[in-house]
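Okay, start.cif now, which holds mmCIF, C-alpha atoms:
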data_structure
loop_
_atom_site.label_atom_id
_atom_site.label_comp_id
_atom_site.auth_asym_id
_atom_site.auth_seq_id
_atom_site.Cartn_x
_atom_site.Cartn_y
_atom_site.Cartn_z
CA MET A 29 147.23 219.39 156.06
CA THR A 30 144.49 221.66 157.31
CA ILE A 31 142.02 222.65 154.68
CA GLY A 32 139.22 225.18 154.31
CA SER A 33 138.69 225.74 150.62
CA SER A 34 135.88 226.79 148.32
CA GLY A 35 137.57 224.93 145.47
CA ALA A 36 139.71 225.83 142.51
CA ASP A 37 140.13 229.53 141.81
CA ILE A 38 137.42 230.21 139.23
CA VAL A 39 138.94 233.54 138.20
CA GLU A 40 142.19 231.85 137.29
CA GLY A 41 140.39 229.31 135.17
CA VAL A 42 141.90 226.14 133.78
CA ALA A 43 145.37 226.80 135.22
CA ALA A 44 143.89 226.44 138.70
CA LEU A 45 142.44 223.06 137.75
CA HIS A 46 145.79 221.82 136.54
CA GLY A 47 147.37 223.17 139.71
CA TRP A 48 144.95 221.09 141.72
CA GLY A 49 145.87 218.06 139.64
CA GLN A 50 149.52 218.66 140.44
CA ALA A 51 148.78 218.78 144.16
CA ALA A 52 146.67 215.62 143.97
CA LYS A 53 149.45 213.76 142.17
CA ALA A 54 152.05 214.80 144.74
CA ILE A 55 149.83 213.71 147.63
CA ALA A 56 149.05 210.40 145.91
CA LYS A 57 152.80 209.79 145.58
CA CYS A 58 153.14 210.19 149.36
CA SER A 59 150.72 207.33 149.94
CA GLY A 60 152.43 204.44 151.63
CA TYR A 61 155.59 206.47 152.24
CA VAL A 62 154.54 208.95 154.90
CA PRO A 63 151.28 209.16 156.87
CA ILE A 64 148.90 211.73 155.38
CA ILE A 65 146.57 213.36 157.88
CA THR A 66 144.06 215.99 156.83
CA VAL A 67 142.06 218.30 159.06
CA VAL A 68 138.97 219.84 157.46
CA THR A 69 138.32 223.14 159.18
CA GLY A 70 135.77 224.72 156.85
CA PRO A 71 134.41 223.96 153.42
CA ALA A 72 136.24 221.49 151.22
CA VAL A 73 134.48 221.67 147.92
CA SER A 74 135.08 220.08 144.53
CA GLY A 75 138.73 219.19 143.86
CA PRO A 76 139.94 219.87 147.41
CA ALA A 77 137.31 217.40 148.64
CA LEU A 78 139.08 214.69 146.69
CA LEU A 79 142.38 215.63 148.38
CA ILE A 80 140.68 214.61 151.61
CA GLY A 81 139.86 211.26 150.10
CA LEU A 82 143.56 210.66 149.41
CA SER A 83 144.41 211.02 153.09
CA ASP A 84 145.15 208.18 155.48
CA ILE A 85 143.31 209.87 158.33
CA VAL A 86 140.67 212.62 158.06
CA ILE A 87 139.71 214.74 161.04
CA MET A 88 136.74 217.08 160.57
CA THR A 89 135.64 219.89 162.82
CA SER A 90 131.94 219.88 163.61
CA GLU A 91 131.30 223.02 161.53
CA SER A 92 133.14 221.79 158.44
CA TYR A 93 131.64 220.25 155.34
CA ALA A 94 132.92 218.59 152.21
CA PHE A 95 131.47 217.44 148.91
CA VAL A 96 132.44 217.06 145.28
CA SER A 97 129.23 218.65 143.94
CA GLY A 98 127.40 221.16 146.08
CA PRO A 99 123.73 221.77 146.91
CA THR A 100 123.16 223.95 143.82
CA MET A 101 124.31 221.19 141.49
CA VAL A 102 122.34 218.58 143.42
CA ALA A 103 119.17 220.68 143.10
CA GLU A 104 119.80 221.33 139.41
CA PHE A 105 120.39 217.69 138.52
CA THR A 106 118.06 215.88 140.93
CA GLY A 107 115.55 218.49 142.06
CA ILE A 108 116.40 217.74 145.67
CA LYS A 109 116.95 220.75 147.90
CA ILE A 110 119.60 220.12 150.49
CA ASN A 111 121.95 222.29 152.51
CA ASN A 112 125.71 222.02 153.07
CA ASP A 113 125.42 220.16 156.36
CA GLU A 114 122.87 217.68 155.10
CA LEU A 115 124.93 216.99 152.01
CA GLY A 116 128.42 216.81 153.43
CA GLY A 117 128.58 217.93 157.04
CA ALA A 118 131.00 216.33 159.48
CA ASP A 119 128.18 214.30 160.98
CA ILE A 120 127.25 212.88 157.58
CA HIS A 121 130.85 211.98 156.79
CA ALA A 122 131.26 210.35 160.19
CA LYS A 123 128.16 208.20 159.89
CA GLN A 124 127.13 207.81 156.26
CA SER A 125 130.15 208.07 153.99
CA GLY A 126 133.03 207.07 156.27
CA VAL A 127 135.13 209.98 154.99
CA ALA A 128 135.73 211.32 158.51
CA HIS A 129 137.80 209.14 160.83
CA ILE A 130 137.39 211.51 163.74
CA VAL A 131 135.10 214.50 164.36
CA VAL A 132 136.08 217.16 166.90
CA ALA A 133 134.65 220.45 168.07
CA ASP A 134 137.16 222.89 166.68
CA ARG A 135 140.50 223.44 164.96
CA GLU A 136 142.50 223.52 168.18
CA THR A 137 141.16 220.16 169.28
CA ALA A 138 141.80 218.82 165.80
CA ILE A 139 145.48 219.77 165.98
CA THR A 140 145.78 218.02 169.33
CA GLU A 141 144.12 214.98 167.77
CA VAL A 142 146.65 215.02 164.91
CA GLU A 143 149.45 214.78 167.45
CA HIS A 144 147.58 211.99 169.20
CA VAL A 145 147.17 209.98 166.00
CA LEU A 146 150.81 210.56 165.06
CA SER A 147 151.92 209.12 168.40
CA PHE A 148 150.74 205.71 167.13
CA LEU A 149 152.51 206.02 163.78
CA PRO A 150 156.07 205.97 162.49
CA ASP A 151 157.49 208.92 160.54
CA ASN A 152 157.60 206.86 157.38
CA VAL A 153 157.31 203.44 155.85
CA ASP A 154 160.89 202.46 156.74
CA GLU A 155 160.42 202.88 160.47
CA ILE A 156 158.28 201.46 163.23
CA ALA A 157 156.26 203.61 165.59
CA ARG A 158 158.04 204.72 168.71
CA ALA A 159 157.06 202.95 171.91
CA THR A 160 154.64 204.71 174.22
CA PRO A 161 155.72 204.57 177.88
CA THR A 162 153.37 202.51 180.05
CA THR A 163 153.36 200.92 183.48
CA ASP A 164 150.71 198.40 182.46
CA SER A 165 152.34 194.96 182.64
CA VAL A 166 151.95 192.75 179.57
CA ASP A 167 151.34 189.88 182.00
CA ARG A 168 148.22 191.52 183.39
CA LEU A 169 145.37 189.00 183.40
CA THR A 170 142.14 189.77 181.57
CA PRO A 171 139.42 187.61 183.15
CA GLU A 172 136.87 190.37 182.58
CA ALA A 173 137.14 189.88 178.82
CA GLY A 174 135.87 186.30 178.89
CA LYS A 175 132.99 187.20 181.18
CA LEU A 176 131.57 189.47 178.48
CA ILE A 177 130.51 186.52 176.31
CA PRO A 178 126.80 185.93 176.93
CA ASP A 179 125.40 182.46 177.63
CA SER A 180 123.08 182.66 174.65
CA SER A 181 124.80 182.25 171.29
CA THR A 182 122.59 185.00 169.89
CA GLY A 183 123.35 187.36 172.77
CA SER A 184 125.51 190.38 172.09
CA TYR A 185 128.28 192.24 173.92
CA ASP A 186 130.43 195.25 173.21
CA VAL A 187 133.71 194.04 171.70
CA LYS A 188 135.29 197.39 172.59
CA GLN A 189 135.29 196.21 176.19
CA VAL A 190 137.38 193.21 175.11
CA ILE A 191 139.79 195.55 173.32
CA GLN A 192 140.00 197.77 176.40
CA ALA A 193 140.88 194.74 178.50
CA ILE A 194 143.69 193.84 176.12
CA ALA A 195 145.08 197.36 175.53
CA ASP A 196 147.65 199.17 177.64
CA ASP A 197 145.84 201.18 180.28
CA GLY A 198 142.51 200.22 178.71
CA TYR A 199 142.92 202.89 176.04
CA LEU A 200 141.88 202.65 172.40
CA LEU A 201 141.80 205.27 169.66
CA GLU A 202 138.84 204.31 167.52
CA LEU A 203 138.78 205.40 163.88
CA ARG A 204 135.57 205.74 161.86
CA ALA A 205 133.62 204.83 165.00
CA ARG A 206 130.19 205.74 163.69
CA TRP A 207 130.52 204.38 160.17
CA ALA A 208 130.07 200.62 159.65
CA ALA A 209 129.76 200.13 163.38
CA ASN A 210 129.45 196.37 162.85
CA ILE A 211 133.23 196.33 162.68
CA VAL A 212 135.60 198.19 165.01
CA THR A 213 138.93 199.57 163.80
CA CYS A 214 141.20 201.16 166.36
CA LEU A 215 144.76 201.78 167.42
CA ILE A 216 146.01 200.58 170.78
CA THR A 217 149.36 199.84 172.35
CA ILE A 218 150.42 196.59 173.96
CA GLY A 219 153.63 196.76 175.95
CA GLY A 220 153.97 200.28 174.56
CA GLN A 221 154.00 199.15 170.91
CA SER A 222 151.34 200.30 168.46
CA VAL A 223 148.85 197.68 167.33
CA GLY A 224 145.96 198.03 164.89
CA VAL A 225 142.82 196.17 165.93
CA VAL A 226 140.07 194.91 163.65
CA ALA A 227 137.11 193.42 165.53
CA ASN A 228 133.61 192.31 164.64
CA GLN A 229 131.08 194.17 166.77
CA PRO A 230 128.22 191.86 167.89
CA THR A 231 126.09 194.80 169.05
CA ASN A 232 125.68 196.04 165.45
CA LEU A 233 124.17 193.79 162.77
CA ALA A 234 125.36 190.89 164.93
CA GLY A 235 128.92 191.52 163.74
CA THR A 236 128.16 190.47 160.17
CA LEU A 237 130.30 191.71 157.30
CA ASP A 238 128.61 193.98 154.78
CA ILE A 239 130.00 196.40 152.18
CA PRO A 240 130.89 199.31 154.47
CA ALA A 241 132.41 196.97 157.06
CA SER A 242 134.54 195.30 154.39
CA GLN A 243 135.71 198.66 153.04
CA LYS A 244 136.44 200.02 156.50
CA ALA A 245 138.42 196.98 157.61
CA ALA A 246 140.26 196.65 154.29
CA ARG A 247 141.43 200.25 154.32
CA PHE A 248 142.54 199.94 157.94
CA VAL A 249 144.44 196.69 157.38
CA SER A 250 146.17 198.26 154.39
CA PHE A 251 147.01 201.37 156.43
CA CYS A 252 148.51 199.33 159.27
CA ASP A 253 150.46 197.18 156.84
CA ALA A 254 151.87 200.24 155.06
CA PHE A 255 153.18 201.72 158.29
CA ASN A 256 154.49 198.59 159.98
CA ILE A 257 151.79 198.39 162.61
CA PRO A 258 151.03 194.80 163.70
CA ILE A 259 147.42 193.73 163.24
CA LEU A 260 145.29 192.07 165.90
CA THR A 261 142.01 190.62 164.61
CA LEU A 262 139.23 189.70 167.04
CA VAL A 263 136.66 187.44 165.42
CA ASP A 264 133.01 187.01 166.29
CA THR A 265 130.98 186.96 163.11
CA PRO A 266 128.09 184.79 161.93
CA GLY A 267 128.97 185.54 158.31
CA PHE A 268 128.33 187.98 155.51
CA TYR A 269 125.15 190.03 155.69
CA PRO A 270 122.76 188.58 153.09
CA GLY A 271 120.62 190.64 150.73
CA LYS A 272 119.83 191.40 147.12
CA ASP A 273 120.67 195.08 147.52
CA LEU A 274 124.05 194.20 148.98
CA GLU A 275 124.86 191.77 146.19
CA TRP A 276 123.77 194.27 143.55
CA ARG A 277 125.98 196.96 145.07
CA GLY A 278 129.00 194.70 144.79
CA MET A 279 129.40 192.64 147.96
CA ILE A 280 131.78 190.43 145.99
CA ARG A 281 134.05 193.31 144.98
CA HIS A 282 134.06 194.87 148.43
CA GLY A 283 134.40 191.60 150.29
CA ALA A 284 137.36 190.92 148.01
CA GLN A 285 138.93 194.20 149.15
CA LEU A 286 139.18 192.81 152.67
CA VAL A 287 140.46 189.46 151.44
CA PHE A 288 143.05 191.30 149.37
CA ALA A 289 144.14 193.57 152.22
CA TYR A 290 144.77 190.67 154.57
CA GLY A 291 146.22 188.51 151.80
CA ARG A 292 149.00 190.96 151.02
CA ALA A 293 149.68 192.22 154.57
CA THR A 294 153.21 191.42 155.70
CA VAL A 295 153.18 192.88 159.21
CA PRO A 296 152.85 190.61 162.26
CA ARG A 297 149.27 189.32 162.40
CA VAL A 298 147.61 187.76 165.41
CA CYS A 299 144.05 186.48 165.28
CA VAL A 300 141.91 185.70 168.33
CA ILE A 301 138.60 183.91 167.79
CA LEU A 302 136.25 184.94 170.56
CA ARG A 303 133.02 183.21 169.57
CA LYS A 304 131.26 182.76 166.23
CA SER A 305 133.49 182.19 163.28
CA TYR A 306 131.40 180.91 160.43
CA GLY A 307 131.96 180.28 156.77
CA GLY A 308 133.54 182.71 154.34
CA ALA A 309 133.52 185.57 156.81
CA TYR A 310 135.64 183.45 159.16
CA ILE A 311 138.18 182.83 156.43
CA VAL A 312 138.27 186.52 155.50
CA MET A 313 138.86 187.66 159.08
CA ASP A 314 142.57 186.77 159.02
CA SER A 315 142.20 183.02 159.33
CA LYS A 316 145.22 180.69 159.37
CA LYS A 317 145.43 180.04 155.66
CA MET A 318 144.82 183.72 154.92
CA GLY A 319 148.18 184.19 156.55
CA ASN A 320 147.89 185.03 160.22
CA ASP A 321 151.08 184.33 162.12
CA LEU A 322 149.37 183.07 165.22
CA CYS A 323 145.75 182.06 165.76
CA LEU A 324 144.38 181.88 169.28
CA ALA A 325 140.86 180.89 170.28
CA TRP A 326 138.82 181.17 173.42
CA PRO A 327 137.02 178.00 174.57
CA THR A 328 133.79 179.73 173.53
CA ALA A 329 134.95 179.85 169.89
CA GLU A 330 132.69 178.22 167.31
CA LEU A 331 134.57 177.50 164.09
CA ALA A 332 132.27 176.02 161.51
CA VAL A 333 130.84 176.40 158.05
CA MET A 334 127.64 177.72 159.61
CA GLY A 335 125.63 177.75 162.81
CA ALA A 336 123.60 174.77 164.01
CA GLY A 337 120.23 176.22 162.98
CA GLN A 338 121.41 177.03 159.47
CA ALA A 339 122.97 173.59 159.07
CA ALA A 340 119.75 171.91 160.21
CA ALA A 341 117.72 174.01 157.79
CA ILE A 342 119.84 172.71 154.92
CA LEU A 343 120.62 169.16 155.95
CA GLN A 344 117.44 168.28 157.85
CA ARG A 345 114.80 169.79 155.61
CA ARG A 346 112.55 166.75 155.71
CA ALA A 347 113.23 165.83 159.34
CA THR A 348 110.72 166.08 162.17
CA PRO A 349 111.17 168.89 164.71
CA GLN A 350 112.48 166.33 167.18
CA GLU A 351 115.02 165.02 164.67
CA ARG A 352 116.14 168.55 163.86
CA GLU A 353 116.57 169.37 167.52
CA ALA A 354 118.67 166.25 168.02
CA PHE A 355 120.74 167.13 164.96
CA GLU A 356 121.37 170.65 166.20
CA GLN A 357 122.38 169.42 169.63
CA ASP A 358 124.81 166.94 168.13
CA TYR A 359 126.16 169.63 165.74
CA VAL A 360 126.80 172.01 168.61
CA GLU A 361 128.54 169.39 170.71
CA ARG A 362 130.67 167.94 167.92
CA LEU A 363 131.46 170.90 165.71
CA LEU A 364 130.82 174.27 167.38
CA ASN A 365 134.04 174.46 169.33
CA PRO A 366 137.65 175.41 168.67
CA TYR A 367 139.12 171.97 169.23
CA VAL A 368 138.39 170.38 165.86
CA ALA A 369 140.12 173.31 164.11
CA ALA A 370 142.97 173.19 166.63
CA GLU A 371 143.57 169.50 165.90
CA ARG A 372 143.93 170.38 162.22
CA GLY A 373 146.33 173.24 162.92
CA TYR A 374 143.98 176.07 162.00
CA VAL A 375 144.13 177.28 165.60
CA ASP A 376 147.51 177.39 167.32
CA ASN A 377 146.24 177.43 170.87
CA VAL A 378 142.99 177.47 172.80
CA ILE A 379 143.55 179.92 175.64
CA ASP A 380 141.85 181.03 178.81
CA PRO A 381 140.38 184.50 178.14
CA ALA A 382 142.21 185.68 181.24
CA ASP A 383 145.50 185.07 179.41
CA THR A 384 144.54 186.98 176.27
CA ARG A 385 146.67 190.08 176.81
CA ARG A 386 149.80 188.23 177.76
CA GLU A 387 149.38 185.65 174.98
CA ILE A 388 149.02 188.43 172.40
CA ALA A 389 151.97 190.32 173.87
CA ALA A 390 154.10 187.18 173.73
CA ALA A 391 153.07 186.59 170.12
CA LEU A 392 153.90 190.15 169.11
CA ALA A 393 157.27 189.94 170.85
CA MET A 394 157.97 186.69 168.99
CA LEU A 395 157.02 188.37 165.70
CA SER A 396 158.88 191.62 166.24
CA ASP A 397 161.62 190.57 163.83
CA LYS A 398 159.22 189.26 161.21
CA ARG A 399 160.39 190.18 157.72
CA GLU A 400 158.08 189.09 154.96
CA LYS A 401 158.44 190.57 151.50
CA LEU A 402 156.00 190.52 148.65
CA GLN A 403 157.30 189.54 145.24
CA THR A 404 158.55 192.60 143.37
CA ARG A 405 156.10 193.96 140.81
CA LYS A 406 155.04 197.28 139.42
CA HIS A 407 152.15 197.35 141.88
CA ASP A 408 149.22 195.17 142.77
CA ASN A 409 145.75 195.64 141.38
CA THR A 410 143.57 196.24 144.41
CA PRO A 411 139.90 195.35 143.91
CA LEU A 412 138.24 198.73 144.34
CA MET B 27 162.04 225.44 164.96
CA THR B 28 159.73 226.08 162.02
CA VAL B 29 161.07 226.16 158.46
CA HIS B 30 158.81 227.87 155.95
CA LEU B 31 158.47 226.51 152.44
CA GLN B 32 157.86 228.84 149.47
CA ARG B 33 156.78 231.55 151.89
CA ALA B 34 156.54 234.35 149.33
CA VAL B 35 154.13 232.51 147.05
CA LYS B 36 150.79 234.29 147.24
CA GLY B 37 147.51 232.52 147.79
CA ALA B 38 145.55 230.49 150.29
CA ALA B 39 148.11 227.74 150.83
CA ALA B 40 151.07 227.95 153.19
CA ALA B 41 153.54 225.21 154.02
CA GLU B 42 156.18 224.68 156.66
CA VAL B 43 158.22 222.00 158.34
CA ARG B 44 157.05 222.09 161.93
CA TRP B 45 158.51 220.46 165.02
CA LEU B 46 155.77 219.13 167.28
CA GLU B 47 157.15 219.56 170.76
CA THR B 48 154.60 217.40 172.58
CA ILE B 49 155.42 214.28 170.60
CA SER B 50 158.95 215.23 169.44
CA ARG B 51 158.10 214.82 165.79
CA ARG B 52 159.00 216.70 162.67
CA THR B 53 156.10 217.10 160.27
CA VAL B 54 155.33 218.89 157.04
CA TRP B 55 152.29 221.09 157.55
CA VAL B 56 150.13 222.60 154.86
CA ASP B 57 147.45 225.14 155.71
CA VAL B 58 144.78 226.06 153.21
CA ASP B 59 143.36 229.17 154.79
CA GLU B 60 139.66 229.78 154.28
CA SER B 61 140.09 233.45 155.17
CA VAL B 62 142.27 234.07 152.09
CA ARG B 63 139.95 234.38 149.09
CA ARG B 64 137.69 231.75 150.68
CA GLY B 65 140.50 229.25 150.37
CA ALA B 66 140.26 229.23 146.58
CA LEU B 67 143.18 227.25 145.20
CA SER B 68 145.13 229.04 142.49
CA ALA B 69 147.72 227.19 140.45
CA GLU B 70 150.42 228.73 142.66
CA ALA B 71 148.67 227.73 145.87
CA SER B 72 148.27 224.16 144.63
CA GLY B 73 151.94 224.26 143.71
CA VAL B 74 152.74 224.97 147.36
CA ILE B 75 150.75 221.88 148.39
CA ALA B 76 152.54 219.77 145.80
CA HIS B 77 155.94 221.09 146.88
CA ALA B 78 155.15 220.34 150.54
CA ALA B 79 154.06 216.80 149.68
CA ASP B 80 157.24 216.20 147.70
CA THR B 81 159.30 217.61 150.56
CA ALA B 82 157.64 215.21 153.01
CA ARG B 83 158.15 212.23 150.74
CA GLU B 84 161.66 212.93 149.52
CA LYS B 85 163.41 214.98 152.18
CA VAL B 86 161.94 215.53 155.60
CA CYS B 87 160.06 212.49 156.82
CA LEU B 88 162.27 209.93 155.08
CA SER B 89 165.56 211.48 156.16
#

Kindly return the structure encoded in the file as structure tokens.
Amino acid sequence: MTIGSSGADIVEGVAALHGWGQAAKAIAKCSGYVPIITVVTGPAVSGPALLIGLSDIVIMTSESYAFVSGPTMVAEFTGIKINNDELGGADIHAKQSGVAHIVVADRETAITEVEHVLSFLPDNVDEIARATPTTDSVDRLTPEAGKLIPDSSTGSYDVKQVIQAIADDGYLLELRARWAANIVTCLITIGGQSVGVVANQPTNLAGTLDIPASQKAARFVSFCDAFNIPILTLVDTPGFYPGKDLEWRGMIRHGAQLVFAYGRATVPRVCVILRKSYGGAYIVMDSKKMGNDLCLAWPTAELAVMGAGQAAAILQRRATPQEREAFEQDYVERLLNPYVAAERGYVDNVIDPADTRREIAAALAMLSDKREKLQTRKHDNTPL
Amino acid sequence: MTVHLQRAVKGAAAAEVRWLETISRRTVWVDVDESVRRGALSAEASGVIAHAADTAREKVCLS
């Protein structure tokens, strides 16, 4: 759907409002059956703005804007003067609200982008996406991926470079790139088959999970699951982002959205632990008991309840600095590795980073016939 | 080949089943045209959107 609308027809009155309701209901009924892609080419104000929110993918042109209540209402109710762009321009929806998955220059580019997105998706929920031709061998080695991990455990790297190493021809289609940049959601192909990737991004907020990141990843996992796209999760997170403001805004509810999305996903799920994998955030990021089908880990993986410094702060409160240092060193050597988890079956295999692409490809091939069904019910009750 | 849906209904919304040659895909397209009464959605125009959505869900994309 392409949309440029000033809202319901005021002249027509209440009938126009009910008409909008009818359209919204019909679009909502499409959800999970066929992919819904909306291009915003101009204003999308009031009711039509909510139609955008029902879409699976939203592409906005740089001149477009969207909001439920416009600048006049904002000024009347809050006294704040603001223009269309500041309130709901494409830039705002790309960075602040997460409404826009992709922003492009103009309508023509947007239409091309629709076709591009569709190439990763099936026609409907009963099909799988068609394969994309590629000459990139699934056995291609990926030594460059492992070299990205810095020596320092607090050092950062761009996880998108890891994804590029894994993907066919190094190509990824990132969605919501500028919103909640501490987590990356993108579509790639491996061996020509569409794969949805969720990855913590160490360059932003150290890859922690906060409310926007949880929402972004949850929606993406749910989208992939609806349209039979296997999910690859790349983990490097020190945990949930702490803070009173975050807790007050509902970190529990939004964190639960991500738990819920993974918990009910029935598509093939492969998890690769790259480095830090601590505490609750580790469990949320498609851990073994959350239901991944195969869990791989690099030798640099650190699976633990928390990092060494945090553990020392709790367990060695009354210790001397020397004792704390010794504790931390012992903690790192004994616990911050993938082998303890592997011995307990939480990790299926510790792999050389150079083998990452071919290991994932082999896992996805193994899982191509996976058929998992949820118990029949009216519908689930997603934590919103 | 493009198949128009409810073509004679007046208003800002138009719908059609469009074949996308570059990716060999059939899609249901809805255009809400800003140049027609600033894209204001009448009950009829919204009805076109609803009909297009139902067509996608029940007939075209699931067939």

Result set of the PyMOL selection byres ((chain B and resi 59) around 7) on the coordinates above, as a list of chain:residue names:
A:Ile31, A:Gly32, B:Ala38, B:Ala39, B:Asp57, B:Val58, B:Glu60, B:Ser61, B:Val62, B:Gly65

Compile the residues of chain A that lie within 9 Å of chain B, evaluated using only C-alpha atoms, and express the compilation as a PyMOL selection string.
chain A and resi 29-59+61-62+69-72+76+143-144+146-147+151-154

For A:Arg385, which of A:Ala122, A:Ala309, A:Leu324, A:Met318 is the closest residue, counting only C-alpha atoms?
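Closest to A:Arg385 of all the choices is A:Leu324.
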
Could you check which of A:Asn256, A:Val249, A:Gly81, A:Ala389 is closest to A:Gly126, using only C-alpha atoms?
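Closest to A:Gly126, using only C-alpha atoms: A:Gly81.
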
Rounded to one decimal in Å, what is the spacing between atom CA of A:Arg303 and atom CA of A:Gly373?
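So the two atoms, atom CA of A:Arg303 and atom CA of A:Gly373, lie 17.9 Å apart.
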
For stretch 191-194 of chain A, list every protein, DNA or RNA residue within 6 Å, evaluated using only C-alpha atoms, and leave out those in the same chain fewer than 3 positions away; present the list as a list of chain:residue names.
A:Thr170, A:Lys188, A:Gly198, A:Tyr199, A:Arg385

Given the file above and the PyMOL selection byres ((chain A and resi 208) around 6), which residues are selected, and can you give them as a ChimeraX atom specification?
/A:207,209-210,240-241

Taking into account only C-alpha atoms, which residue in the set A:Pro381, A:Gly278, A:Gly116, A:Pro150 is nearest to A:Leu412?
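Of A:Pro381, A:Gly278, A:Gly116, A:Pro150, the one nearest A:Leu412, counting only C-alpha atoms, is A:Gly278.
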
Pick from A:Asp321, A:Glu104, A:Ser305, A:Ile311 nearest to A:Met394, counting only C-alpha atoms:
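Answer, going by the shortest atom-to-atom distance: A:Asp321.
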
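Counting from atom CA of A:Tyr306, the distance to atom CA of A:Gln344 is 19.0 Å.
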
Return the padded bounding box of stretch 43-46 of chain B as AutoDock Vina command-line options: axis-aligned, built from all atoms listed in the file, 3 Å added on each side, with centre and edge lengths in Å to one decimal.
--center_x 157.1 --center_y 220.6 --center_z 162.8 --size_x 8.7 --size_y 9.0 --size_z 14.9

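As for atom CA of A:Val333 and atom CA of A:Ile388, they are spaced 26.1 Å apart.
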
If you count all atoms listed in the file, which residues fall within 12 Å of A:Asn409, apart from same-chain ones fewer than 6 positions away, as number ranges by chain?
A: 284-285, 288-289, 292

Taking into account all atoms listed in the file, which residue in the set A:Leu201, A:Leu79, A:Val360, A:Ala332 is nearest to A:Val145?
A:Leu201
